[in-house]
Amino acid sequence: MISFRLDTADLADTRFAISPLREVMGSLRALRAPALYPLHVRWRAAVLQRLDPADVRLLAALVGDTLALPDFLTPRPESFAPALDEQLTVVRATPAQTVRRDLLAAHAPRPLPPALRAVTAPGDAPVAELLEELCALLRRYWEAALLPSWPRMRLVLEADITHRARRLATGGARLLFADLHRNLRWDDGVLRVDRMRGHHHVDGSGRGLRLVPSLFAHQPAPPVSAAEPPMLAYPSRGAATLWEPEPEPDAPALTALLGAPRSTLLRLLAEPLPTVELARRLGVTPSAVSQHLRVLHATGLVTRARDGRHVLYRRSPLGESLAQHGRA
């Protein structure tokens, strides 16, 4: 079990963030252990066809047998959505002793794979060379594997943050952590992460907590080292929708009444969703969705409520009745 003690200052500085580098590293787990990531099977097959086999071997060496990741390759985001190159700059500045510590910890109790054993050589020069090689490798991998889908992925992650922020606003930390994952327990100012390989306690000490949704996390993932400040990657809601094709048109009668775009929107709004997530699912621009939402709201078929940076839309009782009759 890994636990975080969070005082009032830590809770006040609890923030959500989107981390491209975290998704890069998390996706390596999907390459390494596809059985744990059935939603990404087709994505994995397509990516492996595009990668150089030599790159695949080195990428695989960055994931331990227990699927642990080196902490220095998943730095804590200090802004809401840093660019990948910003995060790689942080990686390049990692002290040599931290690189050694994190690579050894990720692979413990087994020895380092041959591709990484240069870091055990005397001096800092071998570590600096490896850092440059890894940053270039992760940049190539990002461009081949994630960048083409990143706009869709980011919208899913933002929709998750909107949902979680609402839970935090309406029920505080207890409601937020109760909904985050079954392996999390919040009690008396301590957040406990069960079923972890590591066993240590981290005192927030006013440093705050970073919560990072991930489309490639199958369980909560805190840093491996107790020396790192509080951060938790967790499985994002909506991962199952990431690779969904565009929705089929709705029932003919409802389509005839509202038109195909608005009838499809009404069908999707069985749950509260922001404009950006609706646009992602439909494969259109947010402005196109907004035009239809204005009409649906003006006619009383959807309701809307502001939740932080987003406005959430949902079917009204009238819209619910119409959608139900449209399926009849």
# chains A, B, ... in the order shown; residues from 1 in each chain; ligands from 1
call {"tool": "residues_around", "arguments": {"residues": "Arg294 (chain A)", "least_positions_apart": "4", "cutoff": "12 Å", "atoms": "only C-alpha atoms", "output": "PDB file with N, CA, C and O atoms, in the first residue's frame"}}
result
ATOM      1  N   ARG A 262     -29.329  16.766 -35.009  1.00  0.00           N
ATOM      2  CA  ARG A 262     -29.952  17.050 -33.712  1.00  0.00           C
ATOM      3  C   ARG A 262     -30.523  15.790 -33.064  1.00  0.00           C
ATOM      4  O   ARG A 262     -30.496  15.652 -31.845  1.00  0.00           O
ATOM      5  N   LEU A 265     -27.554  14.119 -31.492  1.00  0.00           N
ATOM      6  CA  LEU A 265     -27.178  14.816 -30.263  1.00  0.00           C
ATOM      7  C   LEU A 265     -28.122  14.466 -29.114  1.00  0.00           C
ATOM      8  O   LEU A 265     -27.684  14.207 -27.996  1.00  0.00           O
ATOM      9  N   THR A 275     -19.701  20.473 -24.757  1.00  0.00           N
ATOM     10  CA  THR A 275     -19.684  20.623 -26.214  1.00  0.00           C
ATOM     11  C   THR A 275     -18.480  19.934 -26.842  1.00  0.00           C
ATOM     12  O   THR A 275     -18.597  19.279 -27.882  1.00  0.00           O
ATOM     13  N   SER A 287     -18.048  24.344 -32.736  1.00  0.00           N
ATOM     14  CA  SER A 287     -18.980  25.396 -33.164  1.00  0.00           C
ATOM     15  C   SER A 287     -20.191  24.811 -33.889  1.00  0.00           C
ATOM     16  O   SER A 287     -21.312  25.312 -33.736  1.00  0.00           O
ATOM     17  N   ALA A 288     -19.979  23.734 -34.655  1.00  0.00           N
ATOM     18  CA  ALA A 288     -21.111  23.094 -35.330  1.00  0.00           C
ATOM     19  C   ALA A 288     -22.070  22.487 -34.315  1.00  0.00           C
ATOM     20  O   ALA A 288     -23.303  22.577 -34.458  1.00  0.00           O
ATOM     21  N   VAL A 289     -21.518  21.860 -33.282  1.00  0.00           N
ATOM     22  CA  VAL A 289     -22.358  21.286 -32.240  1.00  0.00           C
ATOM     23  C   VAL A 289     -23.115  22.382 -31.492  1.00  0.00           C
ATOM     24  O   VAL A 289     -24.302  22.237 -31.176  1.00  0.00           O
ATOM     25  N   SER A 290     -22.453  23.501 -31.217  1.00  0.00           N
ATOM     26  CA  SER A 290     -23.073  24.588 -30.463  1.00  0.00           C
ATOM     27  C   SER A 290     -24.312  25.127 -31.166  1.00  0.00           C
ATOM     28  O   SER A 290     -25.313  25.454 -30.514  1.00  0.00           O
ATOM     29  N   ALA A 298     -33.319  25.981 -26.877  1.00  0.00           N
ATOM     30  CA  ALA A 298     -34.403  26.957 -27.058  1.00  0.00           C
ATOM     31  C   ALA A 298     -35.763  26.286 -27.142  1.00  0.00           C
ATOM     32  O   ALA A 298     -36.787  26.881 -26.765  1.00  0.00           O
ATOM     33  N   THR A 299     -35.808  25.046 -27.619  1.00  0.00           N
ATOM     34  CA  THR A 299     -37.080  24.323 -27.744  1.00  0.00           C
ATOM     35  C   THR A 299     -37.377  23.460 -26.522  1.00  0.00           C
ATOM     36  O   THR A 299     -38.355  22.709 -26.521  1.00  0.00           O
ATOM     37  N   GLY A 300     -36.531  23.549 -25.500  1.00  0.00           N
ATOM     38  CA  GLY A 300     -36.793  22.834 -24.265  1.00  0.00           C
ATOM     39  C   GLY A 300     -36.445  21.361 -24.282  1.00  0.00           C
ATOM     40  O   GLY A 300     -36.837  20.620 -23.376  1.00  0.00           O
ATOM     41  N   LEU A 301     -35.647  20.916 -25.273  1.00  0.00           N
ATOM     42  CA  LEU A 301     -35.323  19.493 -25.370  1.00  0.00           C
ATOM     43  C   LEU A 301     -34.062  19.128 -24.590  1.00  0.00           C
ATOM     44  O   LEU A 301     -33.846  17.956 -24.288  1.00  0.00           O
ATOM     45  N   VAL A 302     -33.227  20.117 -24.285  1.00  0.00           N
ATOM     46  CA  VAL A 302     -32.050  19.860 -23.460  1.00  0.00           C
ATOM     47  C   VAL A 302     -31.948  20.940 -22.389  1.00  0.00           C
ATOM     48  O   VAL A 302     -32.446  22.063 -22.564  1.00  0.00           O
ATOM     49  N   THR A 303     -31.310  20.600 -21.282  1.00  0.00           N
ATOM     50  CA  THR A 303     -30.996  21.563 -20.235  1.00  0.00           C
ATOM     51  C   THR A 303     -29.492  21.782 -20.230  1.00  0.00           C
ATOM     52  O   THR A 303     -28.729  20.986 -20.791  1.00  0.00           O
ATOM     53  N   ARG A 304     -29.058  22.833 -19.566  1.00  0.00           N
ATOM     54  CA  ARG A 304     -27.633  23.097 -19.501  1.00  0.00           C
ATOM     55  C   ARG A 304     -27.293  23.694 -18.148  1.00  0.00           C
ATOM     56  O   ARG A 304     -28.113  24.373 -17.508  1.00  0.00           O
ATOM     57  N   TYR A 313     -24.519  19.741 -21.078  1.00  0.00           N
ATOM     58  CA  TYR A 313     -25.858  19.611 -21.643  1.00  0.00           C
ATOM     59  C   TYR A 313     -26.409  18.222 -21.339  1.00  0.00           C
ATOM     60  O   TYR A 313     -25.668  17.242 -21.291  1.00  0.00           O
TER      61      TYR A 313
END
call {"tool": "closest_atom_pairs", "arguments": {"of": "region 164-280 of chain A", "to": "region 146-160 of chain A", "cutoff": "10 Å", "atoms": "only C-alpha atoms", "output": "CSV"}}
result
residue,atom,partner,partner_atom,distance
A:Arg164,CA,A:Asp160,CA,6.2
A:Ala165,CA,A:Asp160,CA,8.5
A:Arg166,CA,A:Asp160,CA,10.0
A:Val212,CA,A:Leu157,CA,8.9
A:Pro213,CA,A:Leu157,CA,6.2
A:Ser214,CA,A:Leu157,CA,7.1
A:Leu215,CA,A:Leu157,CA,7.6
A:Pro235,CA,A:Asp160,CA,9.5
A:Ser236,CA,A:Asp160,CA,6.1
A:Arg237,CA,A:Asp160,CA,5.5
A:Gly238,CA,A:Val156,CA,6.1
A:Ala239,CA,A:Val156,CA,7.2
A:Ala240,CA,A:Val156,CA,9.9
A:Thr241,CA,A:Val156,CA,8.3
A:Leu242,CA,A:Met153,CA,6.8
A:Trp243,CA,A:Arg152,CA,9.1
A:Pro272,CA,A:Ala159,CA,9.9
A:Leu273,CA,A:Ala159,CA,7.4
A:Pro274,CA,A:Ala159,CA,7.1
A:Thr275,CA,A:Ala159,CA,9.6
A:Val276,CA,A:Leu155,CA,6.4
A:Glu277,CA,A:Leu155,CA,5.8
A:Leu278,CA,A:Leu155,CA,9.3
A:Ala279,CA,A:Leu155,CA,9.0
A:Arg280,CA,A:Arg152,CA,5.9
call {"tool": "residues_around", "arguments": {"residues": "Arg50 (chain A)", "least_positions_apart": "5", "cutoff": "10 Å", "atoms": "only C-alpha atoms", "output": "VMD selection string"}}
result
chain A and resid 45 141 144 to 145
call {"tool": "write_last_selection", "arguments": {"atoms": "C-alpha atoms", "output": "PDB file, in the first residue's frame"}}
result
ATOM      1  CA  ALA A  45      -1.532  -3.606 -33.763  1.00  0.00           C
ATOM      2  CA  TYR A 141       7.137   7.343 -30.615  1.00  0.00           C
ATOM      3  CA  ALA A 144       3.951   7.779 -34.642  1.00  0.00           C
ATOM      4  CA  ALA A 145       1.666   6.391 -31.960  1.00  0.00           C
TER       5      ALA A 145
END
call {"tool": "closest_residue", "arguments": {"among": "A:Arg207, A:His181, A:Arg197, A:Arg44", "to": "His107 (chain A)", "atoms": "only C-alpha atoms"}}
result
A:Arg197
call {"tool": "residues_around", "arguments": {"residues": "Glu23 (chain A)", "least_positions_apart": "4", "cutoff": "7 Å", "atoms": "only C-alpha atoms", "output": "VMD selection string"}}
result
chain A and resid 19 27 214 216
call {"tool": "closest_residue", "arguments": {"among": "A:Leu116, A:Ala221, A:Ala106, A:Ala17", "to": "Pro82 (chain A)", "atoms": "only C-alpha atoms"}}
result
A:Ala17
call {"tool": "select_by_dssp", "arguments": {"residues": "region 284-326 of chain A", "states": "strand (DSSP E or B)", "output": "list in words"}}
result
Val302, Thr303, Arg304, Ala305, Arg306, Asp307, His310, Val311, Leu312, Tyr313, Arg314 and Arg315 of chain A
call {"tool": "write_last_selection", "arguments": {"atoms": "N, CA and C atoms", "output": "PDB file, in the first residue's frame"}}
result
ATOM      1  N   VAL A 302     -33.227  20.117 -24.285  1.00  0.00           N
ATOM      2  CA  VAL A 302     -32.050  19.860 -23.460  1.00  0.00           C
ATOM      3  C   VAL A 302     -31.948  20.940 -22.389  1.00  0.00           C
ATOM      4  N   THR A 303     -31.310  20.600 -21.282  1.00  0.00           N
ATOM      5  CA  THR A 303     -30.996  21.563 -20.235  1.00  0.00           C
ATOM      6  C   THR A 303     -29.492  21.782 -20.230  1.00  0.00           C
ATOM      7  N   ARG A 304     -29.058  22.833 -19.566  1.00  0.00           N
ATOM      8  CA  ARG A 304     -27.633  23.097 -19.501  1.00  0.00           C
ATOM      9  C   ARG A 304     -27.293  23.694 -18.148  1.00  0.00           C
ATOM     10  N   ALA A 305     -26.066  23.415 -17.695  1.00  0.00           N
ATOM     11  CA  ALA A 305     -25.572  23.934 -16.415  1.00  0.00           C
ATOM     12  C   ALA A 305     -24.075  24.092 -16.515  1.00  0.00           C
ATOM     13  N   ARG A 306     -23.558  25.186 -15.969  1.00  0.00           N
ATOM     14  CA  ARG A 306     -22.112  25.421 -16.013  1.00  0.00           C
ATOM     15  C   ARG A 306     -21.425  24.589 -14.951  1.00  0.00           C
ATOM     16  N   ASP A 307     -20.290  23.964 -15.346  1.00  0.00           N
ATOM     17  CA  ASP A 307     -19.476  23.172 -14.424  1.00  0.00           C
ATOM     18  C   ASP A 307     -18.026  23.550 -14.662  1.00  0.00           C
ATOM     19  N   HIS A 310     -16.621  24.368 -18.342  1.00  0.00           N
ATOM     20  CA  HIS A 310     -17.493  23.791 -19.352  1.00  0.00           C
ATOM     21  C   HIS A 310     -18.964  24.009 -19.019  1.00  0.00           C
ATOM     22  N   VAL A 311     -19.788  24.010 -20.063  1.00  0.00           N
ATOM     23  CA  VAL A 311     -21.234  23.949 -19.908  1.00  0.00           C
ATOM     24  C   VAL A 311     -21.660  22.524 -20.253  1.00  0.00           C
ATOM     25  N   LEU A 312     -22.356  21.874 -19.337  1.00  0.00           N
ATOM     26  CA  LEU A 312     -22.819  20.507 -19.547  1.00  0.00           C
ATOM     27  C   LEU A 312     -24.258  20.517 -20.038  1.00  0.00           C
ATOM     28  N   TYR A 313     -24.519  19.741 -21.078  1.00  0.00           N
ATOM     29  CA  TYR A 313     -25.858  19.611 -21.643  1.00  0.00           C
ATOM     30  C   TYR A 313     -26.409  18.222 -21.339  1.00  0.00           C
ATOM     31  N   ARG A 314     -27.731  18.151 -21.167  1.00  0.00           N
ATOM     32  CA  ARG A 314     -28.387  16.877 -20.936  1.00  0.00           C
ATOM     33  C   ARG A 314     -29.826  16.960 -21.417  1.00  0.00           C
ATOM     34  N   ARG A 315     -30.376  15.812 -21.807  1.00  0.00           N
ATOM     35  CA  ARG A 315     -31.774  15.801 -22.222  1.00  0.00           C
ATOM     36  C   ARG A 315     -32.674  16.286 -21.095  1.00  0.00           C
TER      37      ARG A 315
END
call {"tool": "closest_residue", "arguments": {"among": "A:His218, A:Asp187, A:Phe80, A:Ala226", "to": "Ala35 (chain A)", "atoms": "only C-alpha atoms"}}
result
A:His218
call {"tool": "closest_residue", "arguments": {"among": "A:Tyr234, A:Pro111, A:Leu84, A:Leu39", "to": "Arg140 (chain A)", "atoms": "only C-alpha atoms"}}
result
A:Leu84
